[in-house]
Amino acid sequence: MDVKLKQCFIAVDDHDKALAFYCDVLGLEVRNDVAFENMRWVTLGSPLQPDVEIVLEPPGANPDASPADRQVMAELLAKGMLRGVIFTTEDCDALFERVRESGGDVLQEPTDQPYGVRDCAFRDPAGNQLRFLQRPAR
């Protein structure tokens with residue numbers, strides 16, 4: 001069986017702030033930018049992974065979500081309660097400095113974890129938790 005990840009979704013409340021972070025700070029590229037019915041979806045990806053995409057979408061973008069559900073999703077996003085993604089990098093410390101210098105909201109400085117990786121964590125402009133891990137050299 002040949003199953004692969006294609007897309008994952010991150011809720012954002014301001015696409016322009018999110019794009020400044022994900023593109024200008026992290027170096028991801030915009031692959032698609034679609035507006036539909038007062039909503040916007042932006043697809044991003046790493047140049048190193050052409051077949052994997054992150055979709056930035058409004059909180060509660062599900063067309064079947066009620067107005068109350070959308071409100072709950074927006075409130076959870078504002079509290080930083082929605083999960084983000086985990087990225088890998090070859091230099092956790094350098095990436096940490098780059099994101100911190102950009103004004104990123106630091107959650108954890110680079111740390112050697114007992115399970116064998118070095119990682120750090122930030123919140124994106126919408127409050128999503130993002131982790132960046134570096135695998136040990138082989």
# chains A, B, ... in the order shown; residues from 1 in each chain; ligands from 1

call {"tool": "select_by_dssp", "arguments": {"residues": "chain A", "states": "strand (DSSP E)", "output": "number ranges by chain"}}
result
A: 7-11, 29-36, 39-45, 53-57, 83-88, 105-112, 118-123, 129-134

call {"tool": "closest_residue", "arguments": {"among": "A:Arg83, A:Arg131, A:Arg70, A:Arg98", "to": "Ile10 of chain A", "atoms": "only C-alpha atoms"}}
result
A:Arg83

call {"tool": "select_by_dssp", "arguments": {"residues": "segment 20-124 of chain A", "states": "helix (DSSP H, G or I)", "output": "list in words"}}
result
Ala20, Phe21, Tyr22, Cys23, Asp24, Val25, Pro67, Ala68, Asp69, Arg70, Gln71, Val72, Met73, Ala74, Glu75, Leu76, Leu77, Ala78, Cys92, Asp93, Ala94, Leu95, Phe96, Glu97, Arg98, Val99, Arg100 and Glu101 of chain A

call {"tool": "write_last_selection", "arguments": {"atoms": "N, CA, C and O atoms", "output": "mmCIF file, in the first residue's frame"}}
result
data_model
loop_
_atom_site.group_PDB
_atom_site.id
_atom_site.type_symbol
_atom_site.label_atom_id
_atom_site.label_comp_id
_atom_site.auth_asym_id
_atom_site.auth_seq_id
_atom_site.Cartn_x
_atom_site.Cartn_y
_atom_site.Cartn_z
ATOM 1 N N ALA A 20 3.267 36.151 6.443
ATOM 2 C CA ALA A 20 4.531 36.787 6.808
ATOM 3 C C ALA A 20 5.365 35.830 7.657
ATOM 4 O O ALA A 20 6.577 35.721 7.478
ATOM 5 N N PHE A 21 4.732 35.114 8.565
ATOM 6 C CA PHE A 21 5.453 34.171 9.424
ATOM 7 C C PHE A 21 5.906 32.941 8.642
ATOM 8 O O PHE A 21 7.085 32.601 8.616
ATOM 9 N N TYR A 22 4.968 32.254 8.004
ATOM 10 C CA TYR A 22 5.295 30.992 7.360
ATOM 11 C C TYR A 22 6.211 31.152 6.151
ATOM 12 O O TYR A 22 7.056 30.291 5.892
ATOM 13 N N CYS A 23 6.058 32.244 5.399
ATOM 14 C CA CYS A 23 6.894 32.449 4.207
ATOM 15 C C CYS A 23 8.173 33.221 4.536
ATOM 16 O O CYS A 23 9.271 32.747 4.243
ATOM 17 N N ASP A 24 8.033 34.395 5.134
ATOM 18 C CA ASP A 24 9.200 35.245 5.365
ATOM 19 C C ASP A 24 10.128 34.696 6.441
ATOM 20 O O ASP A 24 11.342 34.822 6.343
ATOM 21 N N VAL A 25 9.570 34.102 7.486
ATOM 22 C CA VAL A 25 10.403 33.608 8.589
ATOM 23 C C VAL A 25 10.817 32.153 8.368
ATOM 24 O O VAL A 25 11.986 31.802 8.490
ATOM 25 N N PRO A 67 -23.004 28.669 13.077
ATOM 26 C CA PRO A 67 -22.376 29.891 13.578
ATOM 27 C C PRO A 67 -21.819 29.717 14.994
ATOM 28 O O PRO A 67 -20.743 30.233 15.316
ATOM 29 N N ALA A 68 -22.516 28.956 15.836
ATOM 30 C CA ALA A 68 -22.033 28.715 17.202
ATOM 31 C C ALA A 68 -20.732 27.901 17.171
ATOM 32 O O ALA A 68 -19.804 28.183 17.931
ATOM 33 N N ASP A 69 -20.672 26.892 16.293
ATOM 34 C CA ASP A 69 -19.447 26.091 16.162
ATOM 35 C C ASP A 69 -18.285 26.960 15.686
ATOM 36 O O ASP A 69 -17.162 26.831 16.180
ATOM 37 N N ARG A 70 -18.543 27.834 14.720
ATOM 38 C CA ARG A 70 -17.493 28.727 14.218
ATOM 39 C C ARG A 70 -16.986 29.642 15.333
ATOM 40 O O ARG A 70 -15.789 29.906 15.435
ATOM 41 N N GLN A 71 -17.894 30.112 16.162
ATOM 42 C CA GLN A 71 -17.513 30.975 17.272
ATOM 43 C C GLN A 71 -16.629 30.213 18.271
ATOM 44 O O GLN A 71 -15.618 30.733 18.739
ATOM 45 N N VAL A 72 -17.003 28.979 18.566
ATOM 46 C CA VAL A 72 -16.205 28.159 19.488
ATOM 47 C C VAL A 72 -14.807 27.934 18.911
ATOM 48 O O VAL A 72 -13.806 28.050 19.622
ATOM 49 N N MET A 73 -14.728 27.623 17.628
ATOM 50 C CA MET A 73 -13.424 27.407 16.995
ATOM 51 C C MET A 73 -12.573 28.679 17.057
ATOM 52 O O MET A 73 -11.374 28.611 17.346
ATOM 53 N N ALA A 74 -13.168 29.827 16.790
ATOM 54 C CA ALA A 74 -12.434 31.097 16.855
ATOM 55 C C ALA A 74 -11.928 31.356 18.273
ATOM 56 O O ALA A 74 -10.803 31.826 18.471
ATOM 57 N N GLU A 75 -12.747 31.027 19.272
ATOM 58 C CA GLU A 75 -12.335 31.219 20.668
ATOM 59 C C GLU A 75 -11.205 30.272 21.049
ATOM 60 O O GLU A 75 -10.261 30.664 21.742
ATOM 61 N N LEU A 76 -11.279 29.016 20.612
ATOM 62 C CA LEU A 76 -10.202 28.058 20.892
ATOM 63 C C LEU A 76 -8.899 28.493 20.222
ATOM 64 O O LEU A 76 -7.825 28.385 20.808
ATOM 65 N N LEU A 77 -8.994 28.991 19.001
ATOM 66 C CA LEU A 77 -7.813 29.486 18.300
ATOM 67 C C LEU A 77 -7.202 30.652 19.067
ATOM 68 O O LEU A 77 -5.990 30.696 19.288
ATOM 69 N N ALA A 78 -8.030 31.586 19.512
ATOM 70 C CA ALA A 78 -7.544 32.752 20.255
ATOM 71 C C ALA A 78 -6.839 32.343 21.542
ATOM 72 O O ALA A 78 -5.904 33.022 21.986
ATOM 73 N N CYS A 92 18.279 23.109 14.722
ATOM 74 C CA CYS A 92 17.238 23.607 15.613
ATOM 75 C C CYS A 92 17.619 24.953 16.234
ATOM 76 O O CYS A 92 16.800 25.860 16.329
ATOM 77 N N ASP A 93 18.881 25.098 16.634
ATOM 78 C CA ASP A 93 19.313 26.328 17.299
ATOM 79 C C ASP A 93 19.269 27.530 16.352
ATOM 80 O O ASP A 93 18.817 28.613 16.734
ATOM 81 N N ALA A 94 19.708 27.350 15.123
ATOM 82 C CA ALA A 94 19.677 28.443 14.151
ATOM 83 C C ALA A 94 18.237 28.816 13.814
ATOM 84 O O ALA A 94 17.904 30.011 13.729
ATOM 85 N N LEU A 95 17.394 27.816 13.637
ATOM 86 C CA LEU A 95 15.988 28.106 13.354
ATOM 87 C C LEU A 95 15.353 28.835 14.538
ATOM 88 O O LEU A 95 14.616 29.803 14.357
ATOM 89 N N PHE A 96 15.655 28.391 15.747
ATOM 90 C CA PHE A 96 15.129 29.051 16.944
ATOM 91 C C PHE A 96 15.508 30.527 16.950
ATOM 92 O O PHE A 96 14.657 31.390 17.178
ATOM 93 N N GLU A 97 16.768 30.835 16.693
ATOM 94 C CA GLU A 97 17.203 32.235 16.700
ATOM 95 C C GLU A 97 16.481 33.050 15.637
ATOM 96 O O GLU A 97 16.071 34.181 15.875
ATOM 97 N N ARG A 98 16.318 32.468 14.464
ATOM 98 C CA ARG A 98 15.626 33.173 13.372
ATOM 99 C C ARG A 98 14.183 33.507 13.762
ATOM 100 O O ARG A 98 13.709 34.622 13.569
ATOM 101 N N VAL A 99 13.467 32.528 14.308
ATOM 102 C CA VAL A 99 12.066 32.755 14.680
ATOM 103 C C VAL A 99 11.978 33.711 15.868
ATOM 104 O O VAL A 99 11.156 34.633 15.872
ATOM 105 N N ARG A 100 12.841 33.538 16.848
ATOM 106 C CA ARG A 100 12.829 34.430 18.018
ATOM 107 C C ARG A 100 13.118 35.867 17.604
ATOM 108 O O ARG A 100 12.437 36.789 18.030
ATOM 109 N N GLU A 101 14.117 36.072 16.741
ATOM 110 C CA GLU A 101 14.464 37.417 16.280
ATOM 111 C C GLU A 101 13.335 38.058 15.486
ATOM 112 O O GLU A 101 13.226 39.281 15.434
#

call {"tool": "residues_around", "arguments": {"residues": "Glu57 of chain A", "least_positions_apart": "6", "cutoff": "8 Å", "atoms": "only C-alpha atoms", "output": "list in words"}}
result
Phe9, Ile10, Ala11, Val12, Met39, Arg40, Trp41 and Val42 of chain A

call {"tool": "closest_residue", "arguments": {"among": "A:Leu28, A:Leu44, A:Ala35, A:Ala121", "to": "Gln7 of chain A", "atoms": "only C-alpha atoms"}}
result
A:Leu44

call {"tool": "closest_residue", "arguments": {"among": "A:Arg118, A:Arg135, A:Arg31, A:Arg123", "to": "Pro50 of chain A", "atoms": "only C-alpha atoms"}}
result
A:Arg31

call {"tool": "atom_distance", "arguments": {"atom1": "atom CA of Ser66 of chain A", "atom2": "atom CA of Leu82 of chain A"}}
result
18.4 Å

call {"tool": "closest_residue", "arguments": {"among": "A:Pro110, A:Gly84, A:Pro63, A:Pro125", "to": "Glu37 of chain A", "atoms": "only C-alpha atoms"}}
result
A:Pro63

call {"tool": "atom_distance", "arguments": {"atom1": "atom CA of Asn62 of chain A", "atom2": "atom CA of Leu26 of chain A"}}
result
27.2 Å

call {"tool": "closest_residue", "arguments": {"among": "A:Leu19, A:Val85, A:Val106, A:Val34", "to": "Leu133 of chain A", "atoms": "only C-alpha atoms"}}
result
A:Val85

call {"tool": "residues_around", "arguments": {"residues": "Gly45 of chain A", "least_positions_apart": "3", "cutoff": "9 Å", "atoms": "only C-alpha atoms", "output": "list in words"}}
result
Gly27, Leu28, Glu29, Val30, Arg31, Leu48, Gln49, Pro50, Asp51, Val52, Glu53, Ile54 and Val55 of chain A

call {"tool": "atom_distance", "arguments": {"atom1": "atom CA of Pro47 of chain A", "atom2": "atom CA of Thr111 of chain A"}}
result
26.6 Å

call {"tool": "decode", "arguments": {"residues": "segment 10-57 of chain A", "atoms": "N, CA and C atoms", "output": "PDB file, in the first residue's frame"}}
result
ATOM      1  N   ILE A  10      -4.138  24.147   9.093  1.00  0.00           N
ATOM      2  CA  ILE A  10      -3.892  24.979  10.261  1.00  0.00           C
ATOM      3  C   ILE A  10      -4.877  26.140  10.201  1.00  0.00           C
ATOM      4  N   ALA A  11      -5.608  26.341  11.286  1.00  0.00           N
ATOM      5  CA  ALA A  11      -6.561  27.450  11.358  1.00  0.00           C
ATOM      6  C   ALA A  11      -5.812  28.741  11.661  1.00  0.00           C
ATOM      7  N   VAL A  12      -6.132  29.799  10.935  1.00  0.00           N
ATOM      8  CA  VAL A  12      -5.540  31.119  11.172  1.00  0.00           C
ATOM      9  C   VAL A  12      -6.634  32.173  11.137  1.00  0.00           C
ATOM     10  N   ASP A  13      -6.442  33.225  11.918  1.00  0.00           N
ATOM     11  CA  ASP A  13      -7.429  34.303  11.943  1.00  0.00           C
ATOM     12  C   ASP A  13      -7.026  35.496  11.083  1.00  0.00           C
ATOM     13  N   ASP A  14      -5.794  35.515  10.585  1.00  0.00           N
ATOM     14  CA  ASP A  14      -5.310  36.597   9.724  1.00  0.00           C
ATOM     15  C   ASP A  14      -4.296  35.994   8.755  1.00  0.00           C
ATOM     16  N   HIS A  15      -4.743  35.765   7.528  1.00  0.00           N
ATOM     17  CA  HIS A  15      -3.882  35.112   6.548  1.00  0.00           C
ATOM     18  C   HIS A  15      -2.623  35.920   6.246  1.00  0.00           C
ATOM     19  N   ASP A  16      -2.720  37.240   6.213  1.00  0.00           N
ATOM     20  CA  ASP A  16      -1.543  38.050   5.886  1.00  0.00           C
ATOM     21  C   ASP A  16      -0.469  37.945   6.969  1.00  0.00           C
ATOM     22  N   LYS A  17      -0.861  37.966   8.233  1.00  0.00           N
ATOM     23  CA  LYS A  17       0.114  37.769   9.324  1.00  0.00           C
ATOM     24  C   LYS A  17       0.697  36.357   9.252  1.00  0.00           C
ATOM     25  N   ALA A  18      -0.156  35.391   8.982  1.00  0.00           N
ATOM     26  CA  ALA A  18       0.307  34.001   8.880  1.00  0.00           C
ATOM     27  C   ALA A  18       1.298  33.850   7.727  1.00  0.00           C
ATOM     28  N   LEU A  19       1.008  34.474   6.587  1.00  0.00           N
ATOM     29  CA  LEU A  19       1.919  34.385   5.444  1.00  0.00           C
ATOM     30  C   LEU A  19       3.268  35.025   5.747  1.00  0.00           C
ATOM     31  N   ALA A  20       3.267  36.151   6.443  1.00  0.00           N
ATOM     32  CA  ALA A  20       4.531  36.787   6.808  1.00  0.00           C
ATOM     33  C   ALA A  20       5.365  35.830   7.657  1.00  0.00           C
ATOM     34  N   PHE A  21       4.732  35.114   8.565  1.00  0.00           N
ATOM     35  CA  PHE A  21       5.453  34.171   9.424  1.00  0.00           C
ATOM     36  C   PHE A  21       5.906  32.941   8.642  1.00  0.00           C
ATOM     37  N   TYR A  22       4.968  32.254   8.004  1.00  0.00           N
ATOM     38  CA  TYR A  22       5.295  30.992   7.360  1.00  0.00           C
ATOM     39  C   TYR A  22       6.211  31.152   6.151  1.00  0.00           C
ATOM     40  N   CYS A  23       6.058  32.244   5.399  1.00  0.00           N
ATOM     41  CA  CYS A  23       6.894  32.449   4.207  1.00  0.00           C
ATOM     42  C   CYS A  23       8.173  33.221   4.536  1.00  0.00           C
ATOM     43  N   ASP A  24       8.033  34.395   5.134  1.00  0.00           N
ATOM     44  CA  ASP A  24       9.200  35.245   5.365  1.00  0.00           C
ATOM     45  C   ASP A  24      10.128  34.696   6.441  1.00  0.00           C
ATOM     46  N   VAL A  25       9.570  34.102   7.486  1.00  0.00           N
ATOM     47  CA  VAL A  25      10.403  33.608   8.589  1.00  0.00           C
ATOM     48  C   VAL A  25      10.817  32.153   8.368  1.00  0.00           C
ATOM     49  N   LEU A  26       9.851  31.291   8.037  1.00  0.00           N
ATOM     50  CA  LEU A  26      10.162  29.865   7.892  1.00  0.00           C
ATOM     51  C   LEU A  26      10.614  29.467   6.492  1.00  0.00           C
ATOM     52  N   GLY A  27      10.360  30.298   5.503  1.00  0.00           N
ATOM     53  CA  GLY A  27      10.817  30.001   4.153  1.00  0.00           C
ATOM     54  C   GLY A  27       9.912  29.101   3.341  1.00  0.00           C
ATOM     55  N   LEU A  28       8.655  28.931   3.765  1.00  0.00           N
ATOM     56  CA  LEU A  28       7.726  28.150   2.953  1.00  0.00           C
ATOM     57  C   LEU A  28       7.280  28.979   1.762  1.00  0.00           C
ATOM     58  N   GLU A  29       6.765  28.315   0.740  1.00  0.00           N
ATOM     59  CA  GLU A  29       6.316  29.013  -0.466  1.00  0.00           C
ATOM     60  C   GLU A  29       4.806  28.873  -0.628  1.00  0.00           C
ATOM     61  N   VAL A  30       4.184  29.910  -1.182  1.00  0.00           N
ATOM     62  CA  VAL A  30       2.746  29.867  -1.470  1.00  0.00           C
ATOM     63  C   VAL A  30       2.543  29.054  -2.735  1.00  0.00           C
ATOM     64  N   ARG A  31       1.634  28.098  -2.655  1.00  0.00           N
ATOM     65  CA  ARG A  31       1.328  27.269  -3.822  1.00  0.00           C
ATOM     66  C   ARG A  31      -0.047  27.563  -4.398  1.00  0.00           C
ATOM     67  N   ASN A  32      -0.942  28.082  -3.546  1.00  0.00           N
ATOM     68  CA  ASN A  32      -2.286  28.413  -4.016  1.00  0.00           C
ATOM     69  C   ASN A  32      -2.899  29.383  -3.015  1.00  0.00           C
ATOM     70  N   ASP A  33      -3.761  30.280  -3.513  1.00  0.00           N
ATOM     71  CA  ASP A  33      -4.433  31.266  -2.662  1.00  0.00           C
ATOM     72  C   ASP A  33      -5.840  31.427  -3.225  1.00  0.00           C
ATOM     73  N   VAL A  34      -6.826  30.908  -2.502  1.00  0.00           N
ATOM     74  CA  VAL A  34      -8.195  30.853  -3.012  1.00  0.00           C
ATOM     75  C   VAL A  34      -9.152  31.548  -2.052  1.00  0.00           C
ATOM     76  N   ALA A  35      -9.973  32.426  -2.595  1.00  0.00           N
ATOM     77  CA  ALA A  35     -11.042  33.069  -1.824  1.00  0.00           C
ATOM     78  C   ALA A  35     -12.375  32.484  -2.285  1.00  0.00           C
ATOM     79  N   PHE A  36     -13.271  32.232  -1.312  1.00  0.00           N
ATOM     80  CA  PHE A  36     -14.587  31.693  -1.647  1.00  0.00           C
ATOM     81  C   PHE A  36     -15.539  32.021  -0.508  1.00  0.00           C
ATOM     82  N   GLU A  37     -16.641  32.670  -0.827  1.00  0.00           N
ATOM     83  CA  GLU A  37     -17.689  32.992   0.141  1.00  0.00           C
ATOM     84  C   GLU A  37     -17.140  33.614   1.431  1.00  0.00           C
ATOM     85  N   ASN A  38     -16.443  34.715   1.298  1.00  0.00           N
ATOM     86  CA  ASN A  38     -15.883  35.460   2.431  1.00  0.00           C
ATOM     87  C   ASN A  38     -14.868  34.665   3.247  1.00  0.00           C
ATOM     88  N   MET A  39     -14.300  33.619   2.684  1.00  0.00           N
ATOM     89  CA  MET A  39     -13.248  32.860   3.352  1.00  0.00           C
ATOM     90  C   MET A  39     -12.051  32.774   2.408  1.00  0.00           C
ATOM     91  N   ARG A  40     -10.918  32.369   2.970  1.00  0.00           N
ATOM     92  CA  ARG A  40      -9.687  32.275   2.189  1.00  0.00           C
ATOM     93  C   ARG A  40      -8.908  31.047   2.630  1.00  0.00           C
ATOM     94  N   TRP A  41      -8.374  30.330   1.665  1.00  0.00           N
ATOM     95  CA  TRP A  41      -7.509  29.182   1.911  1.00  0.00           C
ATOM     96  C   TRP A  41      -6.197  29.444   1.189  1.00  0.00           C
ATOM     97  N   VAL A  42      -5.091  29.332   1.888  1.00  0.00           N
ATOM     98  CA  VAL A  42      -3.772  29.505   1.289  1.00  0.00           C
ATOM     99  C   VAL A  42      -2.997  28.210   1.507  1.00  0.00           C
ATOM    100  N   THR A  43      -2.487  27.671   0.427  1.00  0.00           N
ATOM    101  CA  THR A  43      -1.711  26.444   0.484  1.00  0.00           C
ATOM    102  C   THR A  43      -0.229  26.801   0.420  1.00  0.00           C
ATOM    103  N   LEU A  44       0.520  26.267   1.377  1.00  0.00           N
ATOM    104  CA  LEU A  44       1.957  26.510   1.485  1.00  0.00           C
ATOM    105  C   LEU A  44       2.701  25.193   1.451  1.00  0.00           C
ATOM    106  N   GLY A  45       3.990  25.287   1.183  1.00  0.00           N
ATOM    107  CA  GLY A  45       4.810  24.092   1.275  1.00  0.00           C
ATOM    108  C   GLY A  45       6.277  24.439   1.295  1.00  0.00           C
ATOM    109  N   SER A  46       7.064  23.474   1.727  1.00  0.00           N
ATOM    110  CA  SER A  46       8.514  23.609   1.721  1.00  0.00           C
ATOM    111  C   SER A  46       9.027  23.261   0.332  1.00  0.00           C
ATOM    112  N   PRO A  47       9.973  24.045  -0.177  1.00  0.00           N
ATOM    113  CA  PRO A  47      10.575  23.671  -1.458  1.00  0.00           C
ATOM    114  C   PRO A  47      11.231  22.288  -1.399  1.00  0.00           C
ATOM    115  N   LEU A  48      11.568  21.820  -0.196  1.00  0.00           N
ATOM    116  CA  LEU A  48      12.187  20.509  -0.036  1.00  0.00           C
ATOM    117  C   LEU A  48      11.179  19.356  -0.075  1.00  0.00           C
ATOM    118  N   GLN A  49       9.873  19.687   0.004  1.00  0.00           N
ATOM    119  CA  GLN A  49       8.818  18.660  -0.023  1.00  0.00           C
ATOM    120  C   GLN A  49       7.713  19.103  -0.983  1.00  0.00           C
ATOM    121  N   PRO A  50       7.932  18.957  -2.269  1.00  0.00           N
ATOM    122  CA  PRO A  50       6.966  19.471  -3.241  1.00  0.00           C
ATOM    123  C   PRO A  50       5.589  18.817  -3.204  1.00  0.00           C
ATOM    124  N   ASP A  51       5.475  17.624  -2.614  1.00  0.00           N
ATOM    125  CA  ASP A  51       4.181  16.951  -2.611  1.00  0.00           C
ATOM    126  C   ASP A  51       3.470  16.989  -1.259  1.00  0.00           C
ATOM    127  N   VAL A  52       3.969  17.778  -0.302  1.00  0.00           N
ATOM    128  CA  VAL A  52       3.312  17.932   0.995  1.00  0.00           C
ATOM    129  C   VAL A  52       2.925  19.399   1.161  1.00  0.00           C
ATOM    130  N   GLU A  53       1.682  19.638   1.573  1.00  0.00           N
ATOM    131  CA  GLU A  53       1.174  21.007   1.672  1.00  0.00           C
ATOM    132  C   GLU A  53       0.512  21.268   3.026  1.00  0.00           C
ATOM    133  N   ILE A  54       0.627  22.506   3.459  1.00  0.00           N
ATOM    134  CA  ILE A  54      -0.082  23.000   4.637  1.00  0.00           C
ATOM    135  C   ILE A  54      -1.126  23.985   4.128  1.00  0.00           C
ATOM    136  N   VAL A  55      -2.367  23.803   4.538  1.00  0.00           N
ATOM    137  CA  VAL A  55      -3.440  24.707   4.127  1.00  0.00           C
ATOM    138  C   VAL A  55      -3.787  25.598   5.320  1.00  0.00           C
ATOM    139  N   LEU A  56      -3.653  26.899   5.127  1.00  0.00           N
ATOM    140  CA  LEU A  56      -4.077  27.865   6.135  1.00  0.00           C
ATOM    141  C   LEU A  56      -5.534  28.189   5.852  1.00  0.00           C
ATOM    142  N   GLU A  57      -6.383  27.925   6.822  1.00  0.00           N
ATOM    143  CA  GLU A  57      -7.814  28.115   6.618  1.00  0.00           C
ATOM    144  C   GLU A  57      -8.417  28.875   7.793  1.00  0.00           C
TER     145      GLU A  57
END
